[in-house]
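Report on the following structure.
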Amino acid sequence: MSFSDFKDVLKNIAKHNKAFSRILVESALMQSWDEIVGRGVAIHTEPSHIQDGVLWVRVDHPVWQAELHARRAQIYEKMITYAKSKSWFSGSEDDIRKLLKEIRFKVTSARSS
């Protein structure tokens, strides 16, 4: 089985299994945080978890929290656009918006990675 075949299998499973699709989208968005927001933001932030449609992001300073809070709609739209552009996602934009409803930023210690 080639990698392409494997991707097709995963995409087919996601298309028919909402729980698997949710896990796939959530994991991909969190793993791609640096690419989505850019390195300048990523060095001050780290996605923590998604709970009840809310992506919680750790931020290393209150100034960054305020800045990102002001830009949260822009970041949210970038995440939606990113997910829609990926071949592994077989749903609609509305499906993504149901999985990821908002982003919240919490000041904690520096990135763990």
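Ordered as shown in the structure tokens, chains take letters A, B, and onward, while each chain numbers its residues from 1 and ligands are numbered from 1 in the order shown.
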
In chain A, what's strand (DSSP E) per DSSP? Answer as number ranges by chain?
A: 45-51, 54-59, 102-107

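The shell of residues at most 12 Å from Gln51 in chain A, with only C-alpha atoms counted and near chain neighbours (fewer than 2 positions) removed, consists of Arg22, Ile23, Glu26, Pro47, Ser48, His49, Gly53, Val54, Leu55, Trp56, Val57, Leu99, Leu100, Lys101, Glu102, Ile103 and Arg104 of chain A.
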
Contacts of Val25 in chain A within 12 Å, only C-alpha atoms, excl. fewer than 5 positions in-chain, as a ChimeraX atom specification
/A:10-11,14-15,18-20,30-32,50,53,55,79-80,82-93,95-100

Which is closer to His61 in chain A than all the others in A:Gln74, A:Asn12, A:Ser109, A:Ser27, using only C-alpha atoms?
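The closest residue to His61 in chain A is A:Ser109.
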
Show which residues sit within 10 Å of range 33-45 of chain A, as JSON, numbers by chain. Count only C-alpha atoms, and ignore same-chain residues fewer than 5 positions away.
{"A": [28, 57, 58, 59, 60, 61, 64, 65, 68, 74, 75, 76, 78, 79, 80, 81, 82, 83, 105, 106, 107, 108, 109, 110, 111, 112, 113]}

Can you write just those residues out, N, CA and C atoms, as a PDB file, in the first residue's frame?
```pdb
ATOM      1  N   ALA A  28      -4.334  18.045  13.445  1.00  0.00           N
ATOM      2  CA  ALA A  28      -3.631  18.738  12.364  1.00  0.00           C
ATOM      3  C   ALA A  28      -3.488  20.231  12.654  1.00  0.00           C
ATOM      4  N   VAL A  57      -4.734  28.312  23.919  1.00  0.00           N
ATOM      5  CA  VAL A  57      -3.349  28.561  23.521  1.00  0.00           C
ATOM      6  C   VAL A  57      -2.607  29.186  24.695  1.00  0.00           C
ATOM      7  N   ARG A  58      -1.469  28.583  25.035  1.00  0.00           N
ATOM      8  CA  ARG A  58      -0.610  29.150  26.076  1.00  0.00           C
ATOM      9  C   ARG A  58       0.195  30.301  25.472  1.00  0.00           C
ATOM     10  N   VAL A  59       0.293  31.374  26.227  1.00  0.00           N
ATOM     11  CA  VAL A  59       1.021  32.565  25.793  1.00  0.00           C
ATOM     12  C   VAL A  59       2.022  32.912  26.894  1.00  0.00           C
ATOM     13  N   ASP A  60       3.226  33.347  26.517  1.00  0.00           N
ATOM     14  CA  ASP A  60       4.275  33.544  27.518  1.00  0.00           C
ATOM     15  C   ASP A  60       4.299  34.912  28.192  1.00  0.00           C
ATOM     16  N   HIS A  61       3.403  35.827  27.782  1.00  0.00           N
ATOM     17  CA  HIS A  61       3.429  37.162  28.382  1.00  0.00           C
ATOM     18  C   HIS A  61       2.064  37.834  28.190  1.00  0.00           C
ATOM     19  N   TRP A  64       1.517  39.653  24.874  1.00  0.00           N
ATOM     20  CA  TRP A  64       1.183  38.768  23.760  1.00  0.00           C
ATOM     21  C   TRP A  64      -0.273  38.309  23.857  1.00  0.00           C
ATOM     22  N   GLN A  65      -0.744  38.068  25.057  1.00  0.00           N
ATOM     23  CA  GLN A  65      -2.128  37.670  25.239  1.00  0.00           C
ATOM     24  C   GLN A  65      -3.070  38.760  24.711  1.00  0.00           C
ATOM     25  N   LEU A  68      -2.788  38.979  20.797  1.00  0.00           N
ATOM     26  CA  LEU A  68      -3.428  37.858  20.115  1.00  0.00           C
ATOM     27  C   LEU A  68      -4.939  37.844  20.332  1.00  0.00           C
ATOM     28  N   GLN A  74      -8.711  37.008  13.109  1.00  0.00           N
ATOM     29  CA  GLN A  74      -7.801  36.810  11.979  1.00  0.00           C
ATOM     30  C   GLN A  74      -7.124  35.442  12.067  1.00  0.00           C
ATOM     31  N   ILE A  75      -6.664  35.068  13.240  1.00  0.00           N
ATOM     32  CA  ILE A  75      -6.014  33.769  13.430  1.00  0.00           C
ATOM     33  C   ILE A  75      -7.013  32.640  13.194  1.00  0.00           C
ATOM     34  N   TYR A  76      -8.218  32.815  13.697  1.00  0.00           N
ATOM     35  CA  TYR A  76      -9.272  31.817  13.511  1.00  0.00           C
ATOM     36  C   TYR A  76      -9.522  31.585  12.017  1.00  0.00           C
ATOM     37  N   LYS A  78      -7.484  32.136   9.565  1.00  0.00           N
ATOM     38  CA  LYS A  78      -6.312  31.469   8.983  1.00  0.00           C
ATOM     39  C   LYS A  78      -6.359  29.967   9.252  1.00  0.00           C
ATOM     40  N   MET A  79      -6.833  29.591  10.439  1.00  0.00           N
ATOM     41  CA  MET A  79      -6.929  28.172  10.765  1.00  0.00           C
ATOM     42  C   MET A  79      -7.987  27.486   9.898  1.00  0.00           C
ATOM     43  N   ILE A  80      -9.106  28.149   9.684  1.00  0.00           N
ATOM     44  CA  ILE A  80     -10.165  27.595   8.838  1.00  0.00           C
ATOM     45  C   ILE A  80      -9.646  27.420   7.412  1.00  0.00           C
ATOM     46  N   THR A  81      -8.997  28.458   6.893  1.00  0.00           N
ATOM     47  CA  THR A  81      -8.444  28.406   5.534  1.00  0.00           C
ATOM     48  C   THR A  81      -7.420  27.289   5.409  1.00  0.00           C
ATOM     49  N   TYR A  82      -6.573  27.156   6.421  1.00  0.00           N
ATOM     50  CA  TYR A  82      -5.553  26.100   6.408  1.00  0.00           C
ATOM     51  C   TYR A  82      -6.215  24.720   6.316  1.00  0.00           C
ATOM     52  N   ALA A  83      -7.188  24.456   7.179  1.00  0.00           N
ATOM     53  CA  ALA A  83      -7.840  23.146   7.183  1.00  0.00           C
ATOM     54  C   ALA A  83      -8.532  22.864   5.848  1.00  0.00           C
ATOM     55  N   PHE A 105      -6.703  32.622  24.763  1.00  0.00           N
ATOM     56  CA  PHE A 105      -5.286  32.693  25.113  1.00  0.00           C
ATOM     57  C   PHE A 105      -5.128  32.809  26.620  1.00  0.00           C
ATOM     58  N   LYS A 106      -4.210  32.013  27.165  1.00  0.00           N
ATOM     59  CA  LYS A 106      -3.963  31.996  28.603  1.00  0.00           C
ATOM     60  C   LYS A 106      -2.473  32.168  28.860  1.00  0.00           C
ATOM     61  N   VAL A 107      -2.142  33.102  29.750  1.00  0.00           N
ATOM     62  CA  VAL A 107      -0.733  33.336  30.078  1.00  0.00           C
ATOM     63  C   VAL A 107      -0.238  32.212  30.975  1.00  0.00           C
ATOM     64  N   THR A 108       0.831  31.565  30.532  1.00  0.00           N
ATOM     65  CA  THR A 108       1.499  30.514  31.291  1.00  0.00           C
ATOM     66  C   THR A 108       2.995  30.654  31.083  1.00  0.00           C
ATOM     67  N   SER A 109       3.748  29.682  31.512  1.00  0.00           N
ATOM     68  CA  SER A 109       5.201  29.715  31.290  1.00  0.00           C
ATOM     69  C   SER A 109       5.521  29.541  29.813  1.00  0.00           C
ATOM     70  N   ALA A 110       6.781  29.663  29.483  1.00  0.00           N
ATOM     71  CA  ALA A 110       7.242  29.591  28.099  1.00  0.00           C
ATOM     72  C   ALA A 110       6.910  28.234  27.482  1.00  0.00           C
ATOM     73  N   ARG A 111       7.071  28.172  26.171  1.00  0.00           N
ATOM     74  CA  ARG A 111       6.791  26.946  25.416  1.00  0.00           C
ATOM     75  C   ARG A 111       7.538  25.760  26.008  1.00  0.00           C
ATOM     76  N   SER A 112       6.896  24.609  25.952  1.00  0.00           N
ATOM     77  CA  SER A 112       7.518  23.396  26.470  1.00  0.00           C
ATOM     78  C   SER A 112       8.413  22.718  25.450  1.00  0.00           C
ATOM     79  N   SER A 113       8.307  23.092  24.184  1.00  0.00           N
ATOM     80  CA  SER A 113       9.129  22.441  23.163  1.00  0.00           C
ATOM     81  C   SER A 113      10.233  23.344  22.684  1.00  0.00           C
TER      82      SER A 113
END
```

Picked from chain A by DSSP as alpha helix (DSSP H), as number ranges by chain
A: 3-16, 18-31, 33-37, 39-42, 62-70, 72-84, 93-99

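Here CA of Leu24 in chain A is placed at a distance of 25.2 Å from CA of Arg71 in chain A.
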